[in-house]
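Everything below belongs to my_file_11.pdb, which stores PDB, C-alpha atoms.
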ATOM      1  CA  ASN A   1      66.492 108.884  -0.515
ATOM      2  CA  LYS A   2      67.565 105.391   0.487
ATOM      3  CA  ILE A   3      65.621 103.795   3.341
ATOM      4  CA  ILE A   4      67.409 101.251   5.535
ATOM      5  CA  ALA A   5      65.140  99.438   7.992
ATOM      6  CA  LEU A   6      67.073  98.623  11.168
ATOM      7  CA  GLY A   7      65.112  96.273  13.408
ATOM      8  CA  HIS A   8      65.163  93.584  16.074
ATOM      9  CA  SER A   9      62.144  91.408  15.312
ATOM     10  CA  GLY A  10      63.671  88.240  13.869
ATOM     11  CA  PHE A  11      64.544  86.945  10.420
ATOM     12  CA  THR A  12      60.978  86.015   9.434
ATOM     13  CA  VAL A  13      59.705  89.516  10.231
ATOM     14  CA  ASP A  14      62.729  91.020   8.462
ATOM     15  CA  LYS A  15      61.730  89.202   5.271
ATOM     16  CA  ASN A  16      58.102  90.278   5.649
ATOM     17  CA  ILE A  17      59.180  93.907   6.008
ATOM     18  CA  ALA A  18      61.315  93.634   2.883
ATOM     19  CA  GLN A  19      58.419  92.110   0.982
ATOM     20  CA  LYS A  20      55.532  94.291   2.136
ATOM     21  CA  VAL A  21      56.795  97.730   3.216
ATOM     22  CA  LYS A  22      56.907 100.061   0.238
ATOM     23  CA  GLY A  23      60.060 102.115  -0.137
ATOM     24  CA  VAL A  24      62.370 100.067   2.086
ATOM     25  CA  ASP A  25      65.655  99.445   0.247
ATOM     26  CA  VAL A  26      67.657  97.376   2.762
ATOM     27  CA  VAL A  27      66.719  95.497   5.944
ATOM     28  CA  ILE A  28      69.272  94.986   8.729
ATOM     29  CA  GLY A  29      67.804  92.733  11.390
ATOM     30  CA  GLY A  30      68.447  90.992  14.671
ATOM     31  CA  HIS A  31      66.822  89.105  17.563
ATOM     32  CA  THR A  32      67.036  85.615  16.035
ATOM     33  CA  ASN A  33      70.841  85.888  15.687
ATOM     34  CA  THR A  34      70.510  84.432  12.202
ATOM     35  CA  PHE A  35      73.790  83.570  10.509
ATOM     36  CA  LEU A  36      73.770  84.265   6.772
ATOM     37  CA  TYR A  37      76.811  83.566   4.613
ATOM     38  CA  THR A  38      77.696  83.136   0.961
ATOM     39  CA  GLY A  39      80.341  80.478   0.366
ATOM     40  CA  THR A  40      82.193  78.352   2.903
ATOM     41  CA  PRO A  41      81.564  79.643   6.445
ATOM     42  CA  PRO A  42      84.718  80.618   8.362
ATOM     43  CA  SER A  43      83.708  79.082  11.701
ATOM     44  CA  THR A  44      81.260  76.580  13.212
ATOM     45  CA  GLU A  45      77.991  78.409  12.471
ATOM     46  CA  GLN A  46      75.915  76.930   9.649
ATOM     47  CA  PRO A  47      74.317  79.521   7.338
ATOM     48  CA  ALA A  48      70.534  79.799   7.259
ATOM     49  CA  GLY A  49      70.846  81.286   3.776
ATOM     50  CA  PRO A  50      73.054  83.441   1.560
ATOM     51  CA  TYR A  51      74.360  86.876   2.552
ATOM     52  CA  PRO A  52      72.583  89.025   1.669
ATOM     53  CA  PHE A  53      69.246  87.215   1.529
ATOM     54  CA  MET A  54      67.396  88.775  -1.409
ATOM     55  CA  VAL A  55      63.632  89.271  -1.110
ATOM     56  CA  ASP A  56      61.254  90.146  -3.946
ATOM     57  CA  SER A  57      59.098  93.027  -2.746
ATOM     58  CA  GLU A  58      55.428  93.304  -3.635
ATOM     59  CA  ASP A  59      56.196  96.379  -5.739
ATOM     60  CA  GLY A  60      58.720  94.494  -7.865
ATOM     61  CA  ARG A  61      62.064  95.393  -6.273
ATOM     62  CA  LYS A  62      64.948  93.312  -4.947
ATOM     63  CA  VAL A  63      65.504  94.022  -1.246
ATOM     64  CA  PRO A  64      68.600  92.656   0.560
ATOM     65  CA  VAL A  65      68.075  91.368   4.106
ATOM     66  CA  VAL A  66      71.034  90.770   6.432
ATOM     67  CA  GLN A  67      71.865  89.628   9.940
ATOM     68  CA  ALA A  68      75.316  88.878  11.362
ATOM     69  CA  TYR A  69      74.796  86.276  14.114
ATOM     70  CA  ALA A  70      75.530  87.433  17.701
ATOM     71  CA  TYR A  71      77.972  88.172  20.544
ATOM     72  CA  GLY A  72      80.212  90.393  18.408
ATOM     73  CA  LYS A  73      81.697  87.310  16.744
ATOM     74  CA  TYR A  74      81.171  88.756  13.268
ATOM     75  CA  LEU A  75      81.104  92.204  11.711
ATOM     76  CA  GLY A  76      78.445  92.472   9.043
ATOM     77  CA  TYR A  77      79.687  93.909   5.741
ATOM     78  CA  LEU A  78      77.298  94.829   2.924
ATOM     79  CA  ASN A  79      77.997  96.870  -0.213
ATOM     80  CA  VAL A  80      74.853  97.954  -2.082
ATOM     81  CA  THR A  81      74.779  99.551  -5.543
ATOM     82  CA  PHE A  82      71.731 101.482  -6.774
ATOM     83  CA  ASP A  83      70.801 102.614 -10.273
ATOM     84  CA  ARG A  84      69.642 106.143 -11.106
ATOM     85  CA  LYS A  85      66.054 105.200 -10.284
ATOM     86  CA  GLY A  86      67.079 104.106  -6.797
ATOM     87  CA  ASN A  87      66.682 100.381  -7.412
ATOM     88  CA  VAL A  88      69.169  97.870  -6.023
ATOM     89  CA  VAL A  89      71.273  96.483  -8.867
ATOM     90  CA  GLU A  90      73.886  94.722  -6.745
ATOM     91  CA  ALA A  91      74.289  93.742  -3.100
ATOM     92  CA  VAL A  92      77.406  91.872  -2.038
ATOM     93  CA  GLY A  93      79.222  91.153   1.186
ATOM     94  CA  ASN A  94      79.603  88.683   4.017
ATOM     95  CA  PRO A  95      79.989  88.702   7.783
ATOM     96  CA  VAL A  96      83.644  89.154   8.751
ATOM     97  CA  LEU A  97      84.849  86.758  11.456
ATOM     98  CA  LEU A  98      86.506  88.835  14.185
ATOM     99  CA  ASP A  99      89.296  86.449  15.129
ATOM    100  CA  SER A 100      92.993  87.019  15.835
ATOM    101  CA  THR A 101      93.679  87.764  12.164
ATOM    102  CA  VAL A 102      91.862  91.088  12.529
ATOM    103  CA  PRO A 103      94.354  93.691  13.832
ATOM    104  CA  GLU A 104      93.466  95.625  16.953
ATOM    105  CA  ASP A 105      92.467  99.247  16.620
ATOM    106  CA  GLU A 106      94.984 101.125  18.758
ATOM    107  CA  HIS A 107      92.566 103.926  19.644
ATOM    108  CA  ILE A 108      89.868 101.485  20.761
ATOM    109  CA  LYS A 109      92.470  99.423  22.628
ATOM    110  CA  GLU A 110      93.533 102.540  24.546
ATOM    111  CA  GLU A 111      89.911 103.265  25.457
ATOM    112  CA  VAL A 112      89.432  99.680  26.659
ATOM    113  CA  GLU A 113      92.530  99.891  28.845
ATOM    114  CA  ASN A 114      91.201 103.078  30.443
ATOM    115  CA  TRP A 115      87.927 101.314  31.239
ATOM    116  CA  ARG A 116      89.802  98.263  32.528
ATOM    117  CA  LYS A 117      91.341 100.318  35.334
ATOM    118  CA  ASN A 118      87.943 100.577  37.010
ATOM    119  CA  LEU A 119      86.978  96.926  36.607
ATOM    120  CA  GLY A 120      88.377  96.026  40.025
ATOM    121  CA  ASN A 121      85.325  97.623  41.627
ATOM    122  CA  TYR A 122      83.077  95.184  39.788
ATOM    123  CA  SER A 123      84.585  92.180  41.584
ATOM    124  CA  LYS A 124      83.640  93.452  45.051
ATOM    125  CA  GLU A 125      81.155  91.259  46.895
ATOM    126  CA  ILE A 126      77.780  92.919  47.421
ATOM    127  CA  GLY A 127      75.761  89.940  48.639
ATOM    128  CA  LYS A 128      75.519  86.197  49.216
ATOM    129  CA  THR A 129      73.205  83.419  48.077
ATOM    130  CA  SER A 130      72.755  79.873  49.334
ATOM    131  CA  VAL A 131      70.750  78.733  46.304
ATOM    132  CA  TYR A 132      70.969  78.804  42.525
ATOM    133  CA  LEU A 133      69.302  81.982  41.267
ATOM    134  CA  ASN A 134      67.705  80.962  37.993
ATOM    135  CA  GLY A 135      67.798  83.894  35.602
ATOM    136  CA  THR A 136      67.713  81.925  32.357
ATOM    137  CA  SER A 137      65.373  83.018  29.589
ATOM    138  CA  GLN A 138      63.705  79.593  29.597
ATOM    139  CA  ALA A 139      62.741  80.046  33.228
ATOM    140  CA  CYS A 140      61.974  83.739  33.580
ATOM    141  CA  ARG A 141      60.196  84.366  30.275
ATOM    142  CA  PHE A 142      57.786  81.449  30.496
ATOM    143  CA  HIS A 143      57.475  80.609  34.202
ATOM    144  CA  GLU A 144      57.921  82.018  37.669
ATOM    145  CA  CYS A 145      61.636  82.115  38.533
ATOM    146  CA  ASN A 146      63.380  82.727  41.827
ATOM    147  CA  MET A 147      65.632  85.403  40.294
ATOM    148  CA  GLY A 148      62.557  87.406  39.314
ATOM    149  CA  ASN A 149      61.050  86.857  42.761
ATOM    150  CA  LEU A 150      64.253  88.084  44.406
ATOM    151  CA  LEU A 151      64.427  91.220  42.256
ATOM    152  CA  CYS A 152      60.793  92.115  42.868
ATOM    153  CA  ASP A 153      61.114  91.389  46.582
ATOM    154  CA  ALA A 154      64.114  93.733  46.661
ATOM    155  CA  MET A 155      62.119  96.481  44.956
ATOM    156  CA  LEU A 156      59.230  96.021  47.384
ATOM    157  CA  TYR A 157      61.569  96.031  50.362
ATOM    158  CA  GLU A 158      63.201  99.251  49.117
ATOM    159  CA  ASN A 159      59.840 100.990  48.679
ATOM    160  CA  VAL A 160      57.776  99.649  51.561
ATOM    161  CA  GLY A 161      56.580 102.537  53.724
ATOM    162  CA  HIS A 162      55.000 102.622  57.141
ATOM    163  CA  PRO A 163      51.434 101.290  57.279
ATOM    164  CA  ASP A 164      48.610 103.733  57.791
ATOM    165  CA  LYS A 165      44.872 103.479  58.450
ATOM    166  CA  LYS A 166      44.078 102.988  54.759
ATOM    167  CA  SER A 167      46.704 100.487  53.635
ATOM    168  CA  TRP A 168      49.436  98.243  54.993
ATOM    169  CA  ASN A 169      52.057 100.032  52.878
ATOM    170  CA  HIS A 170      52.302 102.328  49.847
ATOM    171  CA  VAL A 171      53.688  99.560  47.564
ATOM    172  CA  SER A 172      51.951  96.206  47.450
ATOM    173  CA  MET A 173      53.141  94.595  44.218
ATOM    174  CA  CYS A 174      55.973  94.585  41.676
ATOM    175  CA  ILE A 175      55.772  93.939  37.926
ATOM    176  CA  LEU A 176      59.040  93.026  36.206
ATOM    177  CA  ASN A 177      59.648  92.198  32.543
ATOM    178  CA  GLY A 178      61.126  88.699  32.467
ATOM    179  CA  GLY A 179      63.042  89.581  29.298
ATOM    180  CA  GLY A 180      65.083  92.100  31.263
ATOM    181  CA  ILE A 181      66.627  89.295  33.346
ATOM    182  CA  ARG A 182      69.632  88.147  31.337
ATOM    183  CA  ALA A 183      71.660  85.685  33.413
ATOM    184  CA  PRO A 184      71.580  83.288  36.374
ATOM    185  CA  ILE A 185      73.862  83.276  39.407
ATOM    186  CA  ASP A 186      75.272  79.855  40.280
ATOM    187  CA  GLU A 187      76.020  79.624  43.993
ATOM    188  CA  GLN A 188      78.288  76.612  43.478
ATOM    189  CA  SER A 189      80.639  78.248  40.976
ATOM    190  CA  THR A 190      80.886  81.467  43.016
ATOM    191  CA  ASN A 191      80.841  79.929  46.505
ATOM    192  CA  GLY A 192      77.655  81.872  47.120
ATOM    193  CA  SER A 193      79.263  85.248  46.487
ATOM    194  CA  ILE A 194      77.390  87.893  44.465
ATOM    195  CA  THR A 195      79.472  90.672  42.936
ATOM    196  CA  LEU A 196      78.567  93.873  41.136
ATOM    197  CA  GLU A 197      79.712  92.143  37.949
ATOM    198  CA  ASP A 198      77.134  89.401  38.567
ATOM    199  CA  LEU A 199      74.416  91.980  39.118
ATOM    200  CA  LEU A 200      75.271  93.792  35.886
ATOM    201  CA  SER A 201      75.186  90.471  34.028
ATOM    202  CA  VAL A 202      71.693  89.827  35.374
ATOM    203  CA  LEU A 203      70.439  93.388  34.784
ATOM    204  CA  PRO A 204      72.629  94.934  32.048
ATOM    205  CA  PHE A 205      70.236  97.502  30.619
ATOM    206  CA  GLY A 206      70.348 100.207  33.272
ATOM    207  CA  GLY A 207      66.573 100.342  33.516
ATOM    208  CA  ARG A 208      64.575 101.700  36.419
ATOM    209  CA  PHE A 209      61.508 100.850  38.442
ATOM    210  CA  ASP A 210      58.687 103.382  38.385
ATOM    211  CA  LEU A 211      56.393 103.859  41.360
ATOM    212  CA  VAL A 212      52.781 104.067  40.180
ATOM    213  CA  ARG A 213      50.130 105.292  42.601
TER     214      ARG A 213
END

What would the structure in this file look like if it were written as structure tokens?
Amino acid sequence: NKIIALGHSGFTVDKNIAQKVKGVDVVIGGHTNTFLYTGTPPSTEQPAGPYPFMVDSEDGRKVPVVQAYAYGKYLGYLNVTFDRKGNVVEAVGNPVLLDSTVPEDEHIKEEVENWRKNLGNYSKEIGKTSVYLNGTSQACRFHECNMGNLLCDAMLYENVGHPDKKSWNHVSMCILNGGGIRAPIDEQSTNGSITLEDLLSVLPFGGRFDLVR
């Protein structure tokens, strides 16, 4: 059996996994959006190392580690050859730049066009803002941010019940993972308008809030 470790912990952790985890043959990583390339890079990204990046494991094997940058700009391509004992004898490839030289897949294009028909609904205004809603990772992952405050306030408002003799309502606080906030909303560029498209850019993961009693 060939074991491919698919992870999202960053290039340093990817290399540690390749070095220390017995039995792993290939590591495909993410999170740090590391660009690896062998030869002259095809675009503006500067390689952090060759593709694949070969790691010597603690049990004496060669383990290829790869990442392919981010945003769908590249398609990672890796061809690995094993000997009869299951050891890697060759690993070659490179990220493929997905520019206009890559022909469109007609089937995928047809699917995209079908989805595009419904995109008009995403431009409908669902709210307004008079201030910049800071949803950047620098703000929301390390500090209090007004986008996070707004989202939690909205959840509280949605769940606030009528006060009773024991408590002022059945929901008194909200806990939100700052990493789930993925974008800001700039009131100046949108004239204060908030669309469904904006909301999906801020919260793209389709998560839910759980009510804990």

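In this structure, CA of Leu133 in chain A sits 29.2 Å away from CA of Thr34 in chain A.
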
Neighbours of range 148-163 of chain A within 9 Å (all atoms listed in the file; same-chain residues fewer than 3 positions away dropped), as a PyMOL selection string?
-> chain A and resi 133-135+140+144-145+166-178+181+209+211

With a distance cut-off of 8 Å and only C-alpha atoms, select the neighbouring residues of range 59-71 of chain A, excluding the residue or stretch itself and same-chain residues fewer than 2 positions from it, and output the selection as number ranges by chain.
-> A: 11, 14-15, 18-19, 22, 24-30, 33-36, 51-57, 73-76, 87-88, 91, 95

Given the file shown, enumerate the residues that the PyMOL selection byres ((chain A and resi 10) around 6) captures and present them as a list in words.
-> His8, Ser9, Phe11, Thr12, Val13, Gly30, His31 and Thr32 of chain A

Writer output for current selection, C-alpha atoms, as a PDB file, in the frame of the given file:
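As a result, part_23.pdb now contains:
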ATOM      1  CA  HIS A   8      65.163  93.584  16.074  1.00  0.00           C
ATOM      2  CA  SER A   9      62.144  91.408  15.312  1.00  0.00           C
ATOM      3  CA  PHE A  11      64.544  86.945  10.420  1.00  0.00           C
ATOM      4  CA  THR A  12      60.978  86.015   9.434  1.00  0.00           C
ATOM      5  CA  VAL A  13      59.705  89.516  10.231  1.00  0.00           C
ATOM      6  CA  GLY A  30      68.447  90.992  14.671  1.00  0.00           C
ATOM      7  CA  HIS A  31      66.822  89.105  17.563  1.00  0.00           C
ATOM      8  CA  THR A  32      67.036  85.615  16.035  1.00  0.00           C
TER       9      THR A  32
END

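CA of Lys20 in chain A to CA of Glu58 in chain A spans 5.9 Å [interatomic distance, one decimal].
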
Evaluate the PyMOL selection byres ((chain A and resi 201) around 9) and record the selected residues as a ChimeraX atom specification, following the chain and residue labels used in the document.
-> /A:181-184,196-200,202-204

Counting only C-alpha atoms, write as a PyMOL selection string all protein and nucleic acid residues lying at most 6 Å from (75.5, 81.6, 9.5) in the file's frame.
-> chain A and resi 35-37+45-48

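Relative to CA of Tyr132 in chain A, CA of Arg208 in chain A is found at 24.5 Å.
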
Surrounding residues of Tyr77 in chain A excluding itself and chain neighbours under 3 positions, 7 Å, only C-alpha atoms, as a ChimeraX atom specification | /A:93-96

Find the residue from A:Val21, A:Asn146, A:Asn1, A:Pro50 that sits nearest to Lys85 in chain A; use all atoms listed in the file when measuring.
-> A:Asn1

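The set of residues that the PyMOL selection byres ((chain A and resi 194) around 9) takes from this file is Ser123, Lys124, Glu125, Ile126, Gly127, Lys128, Thr129, Ile185, Glu187, Thr190, Asn191, Gly192, Ser193, Thr195, Leu196, Glu197, Asp198 and Leu199 of chain A.
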
Write out N, CA and C atoms for range 173-185 of chain A, as a PDB file, keeping the file's coordinate frame.
ATOM      1  N   MET A 173      52.794  95.574  45.243  1.00  0.00           N
ATOM      2  CA  MET A 173      53.141  94.595  44.218  1.00  0.00           C
ATOM      3  C   MET A 173      54.233  95.147  43.308  1.00  0.00           C
ATOM      4  N   CYS A 174      54.905  94.230  42.609  1.00  0.00           N
ATOM      5  CA  CYS A 174      55.973  94.585  41.676  1.00  0.00           C
ATOM      6  C   CYS A 174      55.732  93.845  40.367  1.00  0.00           C
ATOM      7  N   ILE A 175      55.876  94.542  39.252  1.00  0.00           N
ATOM      8  CA  ILE A 175      55.772  93.939  37.926  1.00  0.00           C
ATOM      9  C   ILE A 175      57.116  94.121  37.226  1.00  0.00           C
ATOM     10  N   LEU A 176      57.707  93.010  36.817  1.00  0.00           N
ATOM     11  CA  LEU A 176      59.040  93.026  36.206  1.00  0.00           C
ATOM     12  C   LEU A 176      59.005  92.265  34.886  1.00  0.00           C
ATOM     13  N   ASN A 177      59.546  92.857  33.841  1.00  0.00           N
ATOM     14  CA  ASN A 177      59.648  92.198  32.543  1.00  0.00           C
ATOM     15  C   ASN A 177      60.677  91.073  32.610  1.00  0.00           C
ATOM     16  N   GLY A 178      60.217  89.837  32.403  1.00  0.00           N
ATOM     17  CA  GLY A 178      61.126  88.699  32.467  1.00  0.00           C
ATOM     18  C   GLY A 178      62.245  88.769  31.446  1.00  0.00           C
ATOM     19  N   GLY A 179      62.006  89.453  30.313  1.00  0.00           N
ATOM     20  CA  GLY A 179      63.042  89.581  29.298  1.00  0.00           C
ATOM     21  C   GLY A 179      64.193  90.465  29.716  1.00  0.00           C
ATOM     22  N   GLY A 180      64.006  91.253  30.772  1.00  0.00           N
ATOM     23  CA  GLY A 180      65.083  92.100  31.263  1.00  0.00           C
ATOM     24  C   GLY A 180      66.065  91.368  32.153  1.00  0.00           C
ATOM     25  N   ILE A 181      65.727  90.130  32.541  1.00  0.00           N
ATOM     26  CA  ILE A 181      66.627  89.295  33.346  1.00  0.00           C
ATOM     27  C   ILE A 181      67.477  88.485  32.381  1.00  0.00           C
ATOM     28  N   ARG A 182      68.799  88.677  32.416  1.00  0.00           N
ATOM     29  CA  ARG A 182      69.632  88.147  31.337  1.00  0.00           C
ATOM     30  C   ARG A 182      70.608  87.051  31.747  1.00  0.00           C
ATOM     31  N   ALA A 183      70.670  86.692  33.017  1.00  0.00           N
ATOM     32  CA  ALA A 183      71.660  85.685  33.413  1.00  0.00           C
ATOM     33  C   ALA A 183      71.304  85.104  34.776  1.00  0.00           C
ATOM     34  N   PRO A 184      71.732  83.867  35.042  1.00  0.00           N
ATOM     35  CA  PRO A 184      71.580  83.288  36.374  1.00  0.00           C
ATOM     36  C   PRO A 184      72.804  83.584  37.233  1.00  0.00           C
ATOM     37  N   ILE A 185      72.710  83.250  38.503  1.00  0.00           N
ATOM     38  CA  ILE A 185      73.862  83.276  39.407  1.00  0.00           C
ATOM     39  C   ILE A 185      73.960  81.899  40.050  1.00  0.00           C
TER      40      ILE A 185
END
